[in-house]
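A.B. asks: Supplied structure: my_file-v1.pdb, PDB, C-alpha atoms, pLDDT in the B column.
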ATOM      1  CA  LYS A   1      16.406  -1.683  10.711  1.00 80.00           C
ATOM      2  CA  ASN A   2      14.541  -2.020   7.415  1.00 83.00           C
ATOM      3  CA  GLN A   3      13.531   1.402   6.184  1.00 90.00           C
ATOM      4  CA  VAL A   4      12.369   3.123   3.026  1.00 94.00           C
ATOM      5  CA  GLU A   5      12.854   6.869   2.692  1.00 96.00           C
ATOM      6  CA  GLN A   6      11.427   8.978  -0.095  1.00 97.00           C
ATOM      7  CA  SER A   7      12.286  12.454  -1.250  1.00 96.00           C
ATOM      8  CA  PRO A   8      11.089  15.043  -1.683  1.00 97.00           C
ATOM      9  CA  GLN A   9       8.077  14.889   0.634  1.00 96.00           C
ATOM     10  CA  SER A  10       6.167  17.064  -1.812  1.00 97.00           C
ATOM     11  CA  LEU A  11       6.759  18.566  -5.214  1.00 97.00           C
ATOM     12  CA  ILE A  12       4.921  21.097  -7.359  1.00 98.00           C
ATOM     13  CA  ILE A  13       5.655  21.321 -11.071  1.00 97.00           C
ATOM     14  CA  LEU A  14       4.001  22.823 -14.135  1.00 98.00           C
ATOM     15  CA  GLU A  15       2.072  20.681 -16.551  1.00 98.00           C
ATOM     16  CA  GLY A  16       4.299  19.350 -19.309  1.00 97.00           C
ATOM     17  CA  LYS A  17       7.463  19.374 -17.220  1.00 98.00           C
ATOM     18  CA  ASN A  18       9.446  16.310 -16.171  1.00 98.00           C
ATOM     19  CA  CYS A  19      10.253  15.289 -12.627  1.00 98.00           C
ATOM     20  CA  THR A  20      12.145  12.625 -10.710  1.00 98.00           C
ATOM     21  CA  LEU A  21      11.190  11.139  -7.379  1.00 98.00           C
ATOM     22  CA  GLN A  22      13.715   9.377  -5.172  1.00 98.00           C
ATOM     23  CA  CYS A  23      13.582   6.295  -2.975  1.00 98.00           C
ATOM     24  CA  ASN A  24      16.414   5.114  -0.717  1.00 97.00           C
ATOM     25  CA  TYR A  25      16.124   1.889   1.186  1.00 95.00           C
ATOM     26  CA  THR A  26      18.038   0.023   3.868  1.00 92.00           C
ATOM     27  CA  VAL A  27      16.271  -3.292   3.413  1.00 83.00           C
ATOM     28  CA  SER A  28      18.085  -6.579   3.580  1.00 81.00           C
ATOM     29  CA  PRO A  29      17.847  -9.051   2.095  1.00 80.00           C
ATOM     30  CA  PHE A  30      16.256  -7.276  -0.840  1.00 81.00           C
ATOM     31  CA  SER A  31      13.751  -9.034  -3.047  1.00 80.00           C
ATOM     32  CA  ASN A  32      12.054  -6.490  -5.245  1.00 88.00           C
ATOM     33  CA  LEU A  33      10.837  -2.908  -5.321  1.00 92.00           C
ATOM     34  CA  ARG A  34       7.509  -1.500  -6.465  1.00 93.00           C
ATOM     35  CA  TRP A  35       6.232   1.984  -7.186  1.00 96.00           C
ATOM     36  CA  TYR A  36       2.575   2.763  -6.491  1.00 96.00           C
ATOM     37  CA  LYS A  37       0.435   5.743  -7.440  1.00 97.00           C
ATOM     38  CA  GLN A  38      -2.194   6.809  -4.932  1.00 96.00           C
ATOM     39  CA  ASP A  39      -4.799   9.341  -5.978  1.00 95.00           C
ATOM     40  CA  THR A  40      -6.390  11.394  -3.197  1.00 92.00           C
ATOM     41  CA  GLY A  41      -9.067   9.366  -1.450  1.00 89.00           C
ATOM     42  CA  ARG A  42      -8.218   6.171  -3.315  1.00 93.00           C
ATOM     43  CA  GLY A  43      -6.204   3.032  -2.712  1.00 94.00           C
ATOM     44  CA  PRO A  44      -2.684   2.604  -4.145  1.00 95.00           C
ATOM     45  CA  VAL A  45      -2.332   1.293  -7.689  1.00 95.00           C
ATOM     46  CA  SER A  46       0.786  -0.532  -8.828  1.00 92.00           C
ATOM     47  CA  LEU A  47       2.871   1.262 -11.475  1.00 94.00           C
ATOM     48  CA  THR A  48       5.892  -0.960 -11.816  1.00 90.00           C
ATOM     49  CA  ILE A  49       7.889  -3.640 -10.068  1.00 88.00           C
ATOM     50  CA  MET A  50      11.624  -4.202 -10.295  1.00 89.00           C
ATOM     51  CA  THR A  51      13.621  -7.222  -9.251  1.00 86.00           C
ATOM     52  CA  PHE A  52      17.255  -7.285  -8.235  1.00 82.00           C
ATOM     53  CA  SER A  53      18.540  -7.812 -11.765  1.00 86.00           C
ATOM     54  CA  GLU A  54      16.545  -5.020 -13.418  1.00 88.00           C
ATOM     55  CA  ASN A  55      17.971  -1.512 -13.819  1.00 91.00           C
ATOM     56  CA  THR A  56      15.200   0.229 -15.706  1.00 95.00           C
ATOM     57  CA  LYS A  57      11.553  -0.388 -16.356  1.00 93.00           C
ATOM     58  CA  SER A  58       9.046   1.815 -18.143  1.00 93.00           C
ATOM     59  CA  ASN A  59       5.275   2.083 -17.986  1.00 92.00           C
ATOM     60  CA  GLY A  60       4.146   4.729 -20.442  1.00 94.00           C
ATOM     61  CA  ARG A  61       5.437   8.101 -19.237  1.00 96.00           C
ATOM     62  CA  TYR A  62       6.747   6.529 -16.027  1.00 96.00           C
ATOM     63  CA  THR A  63      10.289   5.160 -15.909  1.00 97.00           C
ATOM     64  CA  ALA A  64      11.685   3.529 -12.801  1.00 97.00           C
ATOM     65  CA  THR A  65      15.367   2.875 -12.198  1.00 97.00           C
ATOM     66  CA  LEU A  66      17.025   0.693  -9.616  1.00 95.00           C
ATOM     67  CA  ASP A  67      20.593   0.667  -8.346  1.00 94.00           C
ATOM     68  CA  ALA A  68      20.841  -2.314  -6.015  1.00 89.00           C
ATOM     69  CA  ASP A  69      24.432  -1.465  -5.093  1.00 90.00           C
ATOM     70  CA  THR A  70      23.600   1.962  -3.688  1.00 93.00           C
ATOM     71  CA  LYS A  71      20.082   0.859  -2.671  1.00 93.00           C
ATOM     72  CA  GLN A  72      18.409   3.662  -4.551  1.00 96.00           C
ATOM     73  CA  SER A  73      15.483   3.821  -6.905  1.00 97.00           C
ATOM     74  CA  SER A  74      13.948   6.691  -8.830  1.00 98.00           C
ATOM     75  CA  LEU A  75      10.696   7.284 -10.639  1.00 98.00           C
ATOM     76  CA  HIS A  76      10.895   9.648 -13.584  1.00 98.00           C
ATOM     77  CA  ILE A  77       7.720  11.163 -14.983  1.00 97.00           C
ATOM     78  CA  THR A  78       7.927  12.607 -18.480  1.00 97.00           C
ATOM     79  CA  ALA A  79       5.685  15.338 -19.877  1.00 97.00           C
ATOM     80  CA  SER A  80       3.572  15.539 -16.759  1.00 97.00           C
ATOM     81  CA  GLN A  81      -0.210  15.781 -16.967  1.00 97.00           C
ATOM     82  CA  LEU A  82      -2.751  17.093 -14.485  1.00 97.00           C
ATOM     83  CA  SER A  83      -3.830  13.502 -13.845  1.00 97.00           C
ATOM     84  CA  ASP A  84      -0.346  12.727 -12.522  1.00 97.00           C
ATOM     85  CA  SER A  85      -1.187  14.702  -9.378  1.00 98.00           C
ATOM     86  CA  ALA A  86      -1.048  12.033  -6.676  1.00 97.00           C
ATOM     87  CA  SER A  87       1.164  10.492  -4.032  1.00 97.00           C
ATOM     88  CA  TYR A  88       3.838   8.129  -5.284  1.00 98.00           C
ATOM     89  CA  ILE A  89       4.868   5.399  -2.908  1.00 97.00           C
ATOM     90  CA  CYS A  90       7.959   3.224  -2.974  1.00 97.00           C
ATOM     91  CA  VAL A  91       7.616  -0.249  -1.451  1.00 94.00           C
ATOM     92  CA  VAL A  92      10.420  -2.715  -0.882  1.00 91.00           C
ATOM     93  CA  TYR A  93       9.826  -6.422  -0.494  1.00 86.00           C
ATOM     94  CA  VAL A  94      12.038  -8.321   1.908  1.00 81.00           C
ATOM     95  CA  MET A  95      13.176 -11.778   0.909  1.00 73.00           C
ATOM     96  CA  ASP A  96      12.929 -14.801   3.173  1.00 61.00           C
ATOM     97  CA  SER A  97      10.237 -13.386   5.347  1.00 58.00           C
ATOM     98  CA  ASN A  98       6.822 -14.617   6.247  1.00 62.00           C
ATOM     99  CA  TYR A  99       5.443 -11.323   5.105  1.00 61.00           C
ATOM    100  CA  GLN A 100       7.336  -8.099   5.013  1.00 77.00           C
ATOM    101  CA  LEU A 101       6.656  -5.164   2.780  1.00 84.00           C
ATOM    102  CA  ILE A 102       8.342  -1.949   3.805  1.00 89.00           C
ATOM    103  CA  TRP A 103       6.292   1.034   2.666  1.00 93.00           C
ATOM    104  CA  GLY A 104       7.704   4.502   2.178  1.00 95.00           C
ATOM    105  CA  ALA A 105       5.688   7.539   3.272  1.00 95.00           C
ATOM    106  CA  GLY A 106       5.318   8.715  -0.314  1.00 96.00           C
ATOM    107  CA  THR A 107       5.994  11.864  -2.337  1.00 97.00           C
ATOM    108  CA  LYS A 108       3.009  14.116  -2.920  1.00 97.00           C
ATOM    109  CA  LEU A 109       3.171  15.455  -6.480  1.00 98.00           C
ATOM    110  CA  ILE A 110       1.058  18.386  -7.605  1.00 98.00           C
ATOM    111  CA  ILE A 111       0.857  19.318 -11.274  1.00 98.00           C
ATOM    112  CA  LYS A 112      -0.230  22.893 -11.933  1.00 97.00           C
ATOM    113  CA  PRO A 113      -1.695  24.027 -15.265  1.00 96.00           C
TER
ATOM    114  CA  ASN B   1     -15.492  -7.135 -11.893  1.00 76.00           C
ATOM    115  CA  ALA B   2     -15.881  -4.726  -9.005  1.00 82.00           C
ATOM    116  CA  GLY B   3     -12.400  -5.606  -7.721  1.00 93.00           C
ATOM    117  CA  VAL B   4     -11.960  -4.893  -4.007  1.00 96.00           C
ATOM    118  CA  THR B   5     -14.848  -3.131  -2.304  1.00 97.00           C
ATOM    119  CA  GLN B   6     -14.942  -1.637   1.188  1.00 97.00           C
ATOM    120  CA  THR B   7     -17.755  -0.327   3.342  1.00 96.00           C
ATOM    121  CA  PRO B   8     -18.361   2.098   4.875  1.00 97.00           C
ATOM    122  CA  LYS B   9     -16.386   4.915   3.232  1.00 96.00           C
ATOM    123  CA  PHE B  10     -16.481   7.091   6.333  1.00 96.00           C
ATOM    124  CA  ARG B  11     -17.293   6.456   9.959  1.00 96.00           C
ATOM    125  CA  ILE B  12     -17.079   8.350  13.229  1.00 97.00           C
ATOM    126  CA  LEU B  13     -16.923   6.308  16.422  1.00 96.00           C
ATOM    127  CA  LYS B  14     -16.945   7.255  20.052  1.00 97.00           C
ATOM    128  CA  ILE B  15     -14.244   5.914  22.343  1.00 97.00           C
ATOM    129  CA  GLY B  16     -15.118   2.392  23.460  1.00 96.00           C
ATOM    130  CA  GLN B  17     -17.507   1.638  20.615  1.00 97.00           C
ATOM    131  CA  SER B  18     -16.996  -1.302  18.292  1.00 96.00           C
ATOM    132  CA  MET B  19     -17.471  -1.714  14.585  1.00 96.00           C
ATOM    133  CA  THR B  20     -16.691  -3.962  11.646  1.00 97.00           C
ATOM    134  CA  LEU B  21     -15.076  -2.750   8.447  1.00 98.00           C
ATOM    135  CA  GLN B  22     -16.243  -4.809   5.512  1.00 98.00           C
ATOM    136  CA  CYS B  23     -14.045  -5.930   2.627  1.00 98.00           C
ATOM    137  CA  ALA B  24     -14.957  -8.094  -0.338  1.00 97.00           C
ATOM    138  CA  GLN B  25     -13.210  -9.087  -3.556  1.00 97.00           C
ATOM    139  CA  ASP B  26     -14.587 -10.788  -6.636  1.00 95.00           C
ATOM    140  CA  MET B  27     -11.306 -11.803  -8.263  1.00 93.00           C
ATOM    141  CA  ASN B  28     -11.103 -15.217  -6.558  1.00 92.00           C
ATOM    142  CA  HIS B  29      -7.879 -14.189  -4.793  1.00 92.00           C
ATOM    143  CA  ASN B  30      -6.721 -16.383  -1.966  1.00 90.00           C
ATOM    144  CA  TYR B  31      -4.675 -13.693  -0.261  1.00 92.00           C
ATOM    145  CA  MET B  32      -6.178 -10.700   1.472  1.00 94.00           C
ATOM    146  CA  TYR B  33      -4.704  -7.956   3.630  1.00 94.00           C
ATOM    147  CA  TRP B  34      -5.719  -5.120   5.929  1.00 97.00           C
ATOM    148  CA  TYR B  35      -3.592  -1.989   6.194  1.00 97.00           C
ATOM    149  CA  ARG B  36      -3.867   1.284   7.990  1.00 97.00           C
ATOM    150  CA  GLN B  37      -2.474   4.537   6.633  1.00 96.00           C
ATOM    151  CA  ASP B  38      -1.724   7.384   9.014  1.00 94.00           C
ATOM    152  CA  PRO B  39      -0.902  10.896   7.759  1.00 87.00           C
ATOM    153  CA  GLY B  40       2.697  11.187   6.589  1.00 85.00           C
ATOM    154  CA  MET B  41       3.419   7.523   7.244  1.00 89.00           C
ATOM    155  CA  GLY B  42       3.770   4.415   5.142  1.00 89.00           C
ATOM    156  CA  LEU B  43       1.087   1.763   5.140  1.00 92.00           C
ATOM    157  CA  LYS B  44       1.192  -0.634   8.066  1.00 93.00           C
ATOM    158  CA  LEU B  45      -0.045  -4.203   7.804  1.00 92.00           C
ATOM    159  CA  ILE B  46      -2.644  -5.122  10.432  1.00 95.00           C
ATOM    160  CA  TYR B  47      -3.654  -8.673   9.491  1.00 95.00           C
ATOM    161  CA  TYR B  48      -3.522 -10.863   6.448  1.00 92.00           C
ATOM    162  CA  SER B  49      -5.091 -14.093   5.282  1.00 93.00           C
ATOM    163  CA  VAL B  50      -3.778 -16.778   2.976  1.00 89.00           C
ATOM    164  CA  GLY B  51      -7.146 -18.421   2.479  1.00 91.00           C
ATOM    165  CA  ALA B  52     -10.517 -19.109   4.017  1.00 92.00           C
ATOM    166  CA  GLY B  53     -10.117 -20.028   7.671  1.00 93.00           C
ATOM    167  CA  ILE B  54      -6.476 -18.891   7.892  1.00 93.00           C
ATOM    168  CA  THR B  55      -5.383 -15.523   9.239  1.00 94.00           C
ATOM    169  CA  ASP B  56      -2.169 -14.130  10.662  1.00 91.00           C
ATOM    170  CA  LYS B  57      -0.958 -10.996  12.401  1.00 92.00           C
ATOM    171  CA  GLY B  58       0.898  -8.224  10.661  1.00 90.00           C
ATOM    172  CA  GLU B  59       2.918  -5.395  12.153  1.00 88.00           C
ATOM    173  CA  VAL B  60       0.159  -3.631  14.135  1.00 94.00           C
ATOM    174  CA  PRO B  61      -2.575  -6.143  15.097  1.00 96.00           C
ATOM    175  CA  ASN B  62      -3.377  -4.882  18.616  1.00 96.00           C
ATOM    176  CA  GLY B  63      -6.946  -3.681  18.980  1.00 96.00           C
ATOM    177  CA  TYR B  64      -8.156  -5.494  15.877  1.00 97.00           C
ATOM    178  CA  ASN B  65      -9.568  -8.877  14.970  1.00 97.00           C
ATOM    179  CA  VAL B  66     -10.272 -10.565  11.655  1.00 97.00           C
ATOM    180  CA  SER B  67     -12.024 -13.601  10.307  1.00 94.00           C
ATOM    181  CA  ARG B  68     -12.086 -15.234   6.884  1.00 96.00           C
ATOM    182  CA  SER B  69     -15.008 -17.579   6.469  1.00 96.00           C
ATOM    183  CA  THR B  70     -15.141 -17.278   2.670  1.00 96.00           C
ATOM    184  CA  THR B  71     -12.647 -16.534  -0.105  1.00 95.00           C
ATOM    185  CA  GLU B  72     -14.477 -13.328  -0.960  1.00 96.00           C
ATOM    186  CA  ASP B  73     -14.861 -11.618   2.415  1.00 97.00           C
ATOM    187  CA  PHE B  74     -12.333 -10.416   4.974  1.00 98.00           C
ATOM    188  CA  PRO B  75     -13.922  -8.212   7.658  1.00 98.00           C
ATOM    189  CA  LEU B  76     -11.867  -6.253  10.185  1.00 98.00           C
ATOM    190  CA  ARG B  77     -13.302  -5.859  13.657  1.00 97.00           C
ATOM    191  CA  LEU B  78     -12.419  -2.998  16.001  1.00 96.00           C
ATOM    192  CA  GLU B  79     -13.217  -3.661  19.628  1.00 89.00           C
ATOM    193  CA  LEU B  80     -13.223  -0.802  22.141  1.00 93.00           C
ATOM    194  CA  ALA B  81     -12.236   1.914  19.690  1.00 95.00           C
ATOM    195  CA  ALA B  82      -9.482   4.309  20.770  1.00 96.00           C
ATOM    196  CA  PRO B  83      -8.355   7.668  19.306  1.00 96.00           C
ATOM    197  CA  SER B  84      -5.113   5.965  18.189  1.00 96.00           C
ATOM    198  CA  GLN B  85      -7.189   3.957  15.732  1.00 97.00           C
ATOM    199  CA  THR B  86      -8.160   7.075  13.826  1.00 97.00           C
ATOM    200  CA  SER B  87      -6.789   6.316  10.373  1.00 97.00           C
ATOM    201  CA  VAL B  88      -7.616   5.323   6.825  1.00 97.00           C
ATOM    202  CA  TYR B  89      -8.016   1.577   6.437  1.00 98.00           C
ATOM    203  CA  PHE B  90      -7.292  -0.228   3.202  1.00 97.00           C
ATOM    204  CA  CYS B  91      -8.121  -3.762   2.259  1.00 97.00           C
ATOM    205  CA  ALA B  92      -6.140  -5.463  -0.499  1.00 96.00           C
ATOM    206  CA  SER B  93      -5.992  -8.803  -2.248  1.00 94.00           C
ATOM    207  CA  SER B  94      -3.589 -10.719  -4.436  1.00 90.00           C
ATOM    208  CA  TYR B  95      -3.655 -13.934  -6.414  1.00 85.00           C
ATOM    209  CA  LEU B  96      -0.258 -15.145  -5.290  1.00 75.00           C
ATOM    210  CA  GLN B  97       1.285 -14.877  -1.888  1.00 67.00           C
ATOM    211  CA  LEU B  98       3.465 -11.819  -1.416  1.00 61.00           C
ATOM    212  CA  THR B  99       6.157 -13.564   0.578  1.00 52.00           C
ATOM    213  CA  SER B 100       9.701 -14.604  -0.117  1.00 47.00           C
ATOM    214  CA  GLY B 101      10.060 -12.332  -3.109  1.00 52.00           C
ATOM    215  CA  GLY B 102       6.565 -12.548  -4.502  1.00 62.00           C
ATOM    216  CA  THR B 103       6.040 -10.286  -7.470  1.00 69.00           C
ATOM    217  CA  ASP B 104       2.294 -10.518  -7.746  1.00 78.00           C
ATOM    218  CA  THR B 105       0.156  -7.388  -7.912  1.00 84.00           C
ATOM    219  CA  GLN B 106      -1.836  -6.271  -4.895  1.00 88.00           C
ATOM    220  CA  TYR B 107      -5.225  -4.731  -5.629  1.00 93.00           C
ATOM    221  CA  PHE B 108      -6.506  -2.187  -3.145  1.00 96.00           C
ATOM    222  CA  GLY B 109      -9.974  -1.089  -2.175  1.00 96.00           C
ATOM    223  CA  PRO B 110     -10.953   2.593  -1.941  1.00 95.00           C
ATOM    224  CA  GLY B 111     -10.435   2.759   1.829  1.00 96.00           C
ATOM    225  CA  THR B 112     -12.469   3.517   4.932  1.00 97.00           C
ATOM    226  CA  ARG B 113     -11.758   6.760   6.763  1.00 96.00           C
ATOM    227  CA  LEU B 114     -12.328   6.192  10.479  1.00 97.00           C
ATOM    228  CA  THR B 115     -12.343   8.850  13.166  1.00 97.00           C
ATOM    229  CA  VAL B 116     -12.515   7.948  16.858  1.00 96.00           C
ATOM    230  CA  LEU B 117     -13.540  10.804  19.158  1.00 94.00           C
TER
END
Can the structure in the file be given as structure tokens, please?

C.D. replies:
Amino acid sequence: KNQVEQSPQSLIILEGKNCTLQCNYTVSPFSNLRWYKQDTGRGPVSLTIMTFSENTKSNGRYTATLDADTKQSSLHITASQLSDSASYICVVYVMDSNYQLIWGAGTKLIIKP
Amino acid sequence: NAGVTQTPKFRILKIGQSMTLQCAQDMNHNYMYWYRQDPGMGLKLIYYSVGAGITDKGEVPNGYNVSRSTTEDFPLRLELAAPSQTSVYFCASSYLQLTSGGTDTQYFGPGTRLTVL
């Protein structure tokens, strides 16, 4: 069964600290993986997308990694800011499908001053 | 550009009532999608459309209907509302089709929070 699991469910860190969010997937055949940021009361916004051949991709203070062999991805946030408080969602795209995006439940990140 | 807009932002329905959730985009995207997001769960696709006049079911279409008469608009109709339809509904659009490895960006609206009592 195609699944995407994220950990931790929630995380609280102090402003300025770094953190890493995890995403494990059991999707096959894999096409690509995307990380979204969802602010409270808003729709998701795409942060980065990674294809099978990419190991690392950065978007400002956000760095995503992908290990297609172990089917794991991580999102690292550097020097966190209060505006980083949000849910971060991992989404895996299935290849050769009419339409199949497998959405994780997200990690709720809270940045405290 | 306003992007993807949704109305209303909030709505409370009684069991058995019907309503239409409105969605519009001004980016000239052919592809549009409706999702629902339940607490602690990943987004679930309800319906999607690949262009005006063409719609298809997603993972959880029961209890919903859609139509796509124009490129810009993609309303979602709830008939005979049930408590199980209490959720946050998101509309999204993309320029390219997100199938078979599509890497295009999906743009989401702000959502409609629906409660059925």

A.B. asks: Go ahead and compute the interatomic distance for atom CA of B:Asp26 and atom CA of B:Asn1, in Å to one decimal.

C.D. replies: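 Atom CA of B:Asp26 sits 6.5 Å away from atom CA of B:Asn1.
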
A.B. asks: Evaluate the ChimeraX specification (/B :<9) & /A here and jot the selected residues down as an mmCIF file with C-alpha atoms, in the frame of the given file.

C.D. replies:
data_model
loop_
_atom_site.group_PDB
_atom_site.id
_atom_site.type_symbol
_atom_site.label_atom_id
_atom_site.label_comp_id
_atom_site.auth_asym_id
_atom_site.auth_seq_id
_atom_site.Cartn_x
_atom_site.Cartn_y
_atom_site.Cartn_z
ATOM 1 C CA VAL A 4 12.369 3.123 3.026
ATOM 2 C CA GLN A 9 8.077 14.889 0.634
ATOM 3 C CA PHE A 30 16.256 -7.276 -0.840
ATOM 4 C CA SER A 31 13.751 -9.034 -3.047
ATOM 5 C CA ASN A 32 12.054 -6.490 -5.245
ATOM 6 C CA ARG A 34 7.509 -1.500 -6.465
ATOM 7 C CA GLY A 41 -9.067 9.366 -1.450
ATOM 8 C CA ARG A 42 -8.218 6.171 -3.315
ATOM 9 C CA GLY A 43 -6.204 3.032 -2.712
ATOM 10 C CA PRO A 44 -2.684 2.604 -4.145
ATOM 11 C CA VAL A 45 -2.332 1.293 -7.689
ATOM 12 C CA SER A 46 0.786 -0.532 -8.828
ATOM 13 C CA ILE A 49 7.889 -3.640 -10.068
ATOM 14 C CA MET A 50 11.624 -4.202 -10.295
ATOM 15 C CA THR A 51 13.621 -7.222 -9.251
ATOM 16 C CA ILE A 89 4.868 5.399 -2.908
ATOM 17 C CA VAL A 91 7.616 -0.249 -1.451
ATOM 18 C CA TYR A 93 9.826 -6.422 -0.494
ATOM 19 C CA VAL A 94 12.038 -8.321 1.908
ATOM 20 C CA MET A 95 13.176 -11.778 0.909
ATOM 21 C CA ASP A 96 12.929 -14.801 3.173
ATOM 22 C CA SER A 97 10.237 -13.386 5.347
ATOM 23 C CA ASN A 98 6.822 -14.617 6.247
ATOM 24 C CA TYR A 99 5.443 -11.323 5.105
ATOM 25 C CA GLN A 100 7.336 -8.099 5.013
ATOM 26 C CA LEU A 101 6.656 -5.164 2.780
ATOM 27 C CA ILE A 102 8.342 -1.949 3.805
ATOM 28 C CA TRP A 103 6.292 1.034 2.666
ATOM 29 C CA GLY A 104 7.704 4.502 2.178
ATOM 30 C CA ALA A 105 5.688 7.539 3.272
ATOM 31 C CA GLY A 106 5.318 8.715 -0.314
#

A.B. asks: If I take atom CA of A:Leu14 and atom CA of A:Arg61, how far is one from the other in Å, to one decimal?

C.D. replies: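 Distance reported for this atom pair: 15.6 Å.
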
A.B. asks: Hey, what's within 6 Å of stretch 74-79 of chain A if we count all atoms listed in the file and toss same-chain stuff fewer than 6 positions away? As a PyMOL selection string, please?

C.D. replies: chain A and resi 16-23+61-65

A.B. asks: Can you pull out the residues contacting B:Gln85? Cut-off 7 Å, using all atoms listed in the file, and skip same-chain residues under 3 positions away; I want them as a list in words.

C.D. replies: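 Listing them by chain and then by number gives Ala81, Ala82 and Val116 of chain B.
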
A.B. asks: May I have the selected residues written with C-alpha atoms, as a short mmCIF file (atom, residue, chain, number, x, y, z; two decimals), in the coordinates of the input?

C.D. replies:
data_model
loop_
_atom_site.label_atom_id
_atom_site.label_comp_id
_atom_site.auth_asym_id
_atom_site.auth_seq_id
_atom_site.Cartn_x
_atom_site.Cartn_y
_atom_site.Cartn_z
CA ALA B 81 -12.24 1.91 19.69
CA ALA B 82 -9.48 4.31 20.77
CA VAL B 116 -12.52 7.95 16.86
#

A.B. asks: Can you work out which one of A:Ser28, A:Leu33, A:Ser87, A:Ile111 has the shortest atom-to-atom distance to A:Pro8, counting all atoms listed in the file?

C.D. replies: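 Comparing A:Ser28, A:Leu33, A:Ser87, A:Ile111 against A:Pro8, the winner is A:Ser87.
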
A.B. asks: Please compute the atom CA of B:Glu79-atom CA of B:Ile54 distance, one decimal, in Å.

C.D. replies: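 Computed distance, atom CA of B:Glu79 to atom CA of B:Ile54, equals 20.4 Å.
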
A.B. asks: Could you model N, CA, C and O atoms for stretch 3-15 of chain A and present them as a compact mmCIF listing (two decimals), keeping the file's coordinate frame?

C.D. replies:
# COMPACT_ATOMS: atom_id res chain seq x y z
N GLN A 3 14.20 0.12 6.38
CA GLN A 3 13.53 1.40 6.18
C GLN A 3 13.50 1.78 4.72
O GLN A 3 14.38 1.39 3.93
N VAL A 4 12.48 2.55 4.37
CA VAL A 4 12.37 3.12 3.03
C VAL A 4 12.12 4.62 3.19
O VAL A 4 11.17 5.01 3.88
N GLU A 5 13.00 5.42 2.60
CA GLU A 5 12.85 6.87 2.69
C GLU A 5 12.67 7.47 1.31
O GLU A 5 13.42 7.13 0.38
N GLN A 6 11.71 8.36 1.19
CA GLN A 6 11.43 8.98 -0.10
C GLN A 6 11.65 10.48 -0.03
O GLN A 6 11.42 11.11 0.99
N SER A 7 12.09 11.01 -1.15
CA SER A 7 12.29 12.45 -1.25
C SER A 7 11.95 12.93 -2.66
O SER A 7 12.08 12.16 -3.62
N PRO A 8 11.48 14.18 -2.79
CA PRO A 8 11.09 15.04 -1.68
C PRO A 8 9.77 14.59 -1.07
O PRO A 8 9.12 13.70 -1.60
N GLN A 9 9.38 15.21 0.03
CA GLN A 9 8.08 14.89 0.63
C GLN A 9 6.96 15.36 -0.27
O GLN A 9 5.91 14.72 -0.38
N SER A 10 7.16 16.53 -0.89
CA SER A 10 6.17 17.06 -1.81
C SER A 10 6.87 17.83 -2.92
O SER A 10 8.01 18.29 -2.75
N LEU A 11 6.16 17.95 -4.04
CA LEU A 11 6.76 18.57 -5.21
C LEU A 11 5.64 19.19 -6.05
O LEU A 11 4.61 18.55 -6.26
N ILE A 12 5.87 20.42 -6.49
CA ILE A 12 4.92 21.10 -7.36
C ILE A 12 5.63 21.43 -8.66
O ILE A 12 6.70 22.06 -8.64
N ILE A 13 5.07 21.00 -9.77
CA ILE A 13 5.66 21.32 -11.07
C ILE A 13 4.55 21.75 -12.04
O ILE A 13 3.37 21.48 -11.80
N LEU A 14 4.96 22.40 -13.12
CA LEU A 14 4.00 22.82 -14.14
C LEU A 14 3.71 21.68 -15.10
O LEU A 14 4.58 20.85 -15.41
N GLU A 15 2.50 21.67 -15.56
CA GLU A 15 2.07 20.68 -16.55
C GLU A 15 3.02 20.67 -17.74
O GLU A 15 3.44 21.73 -18.23
